[in-house]
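A quick write-up on the structure given underneath.
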Amino acid sequence: MIGSQALIRSEAELDELLSQPTPQDIEAVSRLNGDLILLGVAGKMGPTLALRAQRAVREAGVNVRVIGVSRFSTPGSRSLLERAGIQTEEGDLLDPNVLSALPDAPNVIFMMGRKFGSTGDAALTWAMNVHAPAAIAERYKYSRIVAFSSGNVYPLTPIVSGGATEETAPGPVGEYAQTVLGRERTFEYVSGRNGTPIVLLRLNYAVELRYGVLLDIGTAVLERRPIDLRMGAVNVIWQGDANSVSLRSFDLCSSPPTILNLTGPETLSVRYIAEKFALYFGVEPRFDGEEGSTALLNNAGRCHRLFGYPTHTPDELIELTAKWIGSGGTTHGKPTHFEARDGKF
């Protein structure tokens with residue numbers, strides 16, 4: 001089945017698309033009034049976010065340094081940023097000496113976190129998700145901080161409800177989700193004590209062609225593996241749109257912190273997603289289990305009112321992903337485990 005979405009042929013082309021700034025991004029960067037530092041820049045979202053920020057800086061013609069900090073354990077991630085003119089700093093953010101030596105910056109995007117492997121090494125997860133944010137918030141207490149959080153802080157909600165809003169009381173399921181709430185409480189504490197303006201972005205799930213819920217489902221369909229239906233519905237947002245929102249969120253920073261849900265507007269049936277992929281691949285989807293009445297869902301209506309509708313619809317994202325899978329596109333090889341209802345990752 002051939003659809004309307006153009007084929008993305010390479011990782012370079014994909015990175016180009018994910019890092020292309022919008023006019024709104026450029027305008028937001030022009031108002032930063034100082035350098036931008038991204039902490040944990042070498043993760044799944046960080047490189048294209050840093051590249052988008054750097055391109056926006058150039059197009060805005062402003063004197064803003066974009067600085068990326070990470071251990072840079074992924075081969076090539078540091079050179080990719082440096083070739084674009086991004087300043088990089090290598091080090092473990094759990095090391096107080098590394099943290100104290102980092103450049104000052106009035107604008108901070110916090111992306112550090114640990115999810116997968118949490119069940120096997122809970123102590124490290126607590127250190128990275130709670131201890132490190134406390135130290136970072138103190139180090140940059142005079143800055144504005146846009147901090148990535150997760151919709152995992154919410155309880156499972158009825159699928160018919162449209163998902164948890166920012167007013168929904170936290171109810172984290174599992175130890176990883178507890179550490180995410182701990183990260184938020186740490187930022188809240190430091191913000192209250194020092195007046196640090198912060199926004200907490202509760203994201204789930206960002207997708208691109210090498211990683212995400214859609215890739216997981218589409219690959220399983222093509223390989224004739226059964227799709228677990230117990231988590232019967234999800235939200236997704238194109239990673240480029242999530243990048244854009246984070247760059248445009250500095251004006252929302254406040255003390256106490258602003259909380260903002262970040263995802264697409266649709267509640268998507270996992271069964272529907274699988275059946276769409278099956279049409280592209282010309283196969284019959286296989287399923288396991290039955291849909292529960294609840295799921296981990298995130299209502300980002302406030303985000304869409306502030307920043308507009310995402311640039312890609314779910315059907316467009318499914319088509320792009322199907323073409324990527326079908327052409328043998330590279331993946332990160334990291335399943336999301338979105339189907340987990342017990343919070344164990």
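Labeling convention for the structure tokens: chains A, B, ... as they appear, residues from 1 per chain, ligands from 1 in order of appearance.
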Would you give me, as JSON lines, each residue of segment 186-242 of chain A having an atom within 10 Å of an atom of segment 99-110 of chain A, along with its shortest atom pair and that distance in Å to one decimal, using only C-alpha atoms and sorting by chain and residue number?
{"residue": "A:Ile198", "atom": "CA", "partner": "A:Val108", "partner_atom": "CA", "distance": 9.4}
{"residue": "A:Val199", "atom": "CA", "partner": "A:Ile109", "partner_atom": "CA", "distance": 9.8}
{"residue": "A:Leu200", "atom": "CA", "partner": "A:Phe110", "partner_atom": "CA", "distance": 9.6}
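Residues in contact range of Val64 of chain A, defined as at most 9 Å between only C-alpha atoms, with sequence neighbours fewer than 6 positions away removed, read Val29, Ser30, Leu32, Asn33, Gly34, Asp35, Leu36, Gln54, Val57 and Arg58 of chain A.
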Residues of segment 290-338 of chain A that approach segment 143-150 of chain A to 12 Å or less, counting only C-alpha atoms: could you list each one with the shortest pair of atoms and its distance in Å to one decimal, rows by chain and increasing residue number, as CSV?
residue,atom,partner,partner_atom,distance
A:Leu296,CA,A:Ser150,CA,10.8
A:Leu297,CA,A:Ser150,CA,11.0
A:Asn298,CA,A:Ser150,CA,9.5
### Task
Using only C-alpha atoms, find the one residue out of A:Ser161, A:Gln239, A:Thr311, A:Ser255 that sits nearest to Glu208 of chain A.
A:Gln239
#### Entry: Which of A:Arg78, A:Arg9, A:Lys323, A:Arg52 sits closest to Thr219 of chain A [using only C-alpha atoms]
A:Lys323
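Shortest separation to His304 of chain A among A:Pro335, A:Gly289, A:Gly40, A:Gly264 occurs at residue A:Gly264, atoms counted being only C-alpha atoms.
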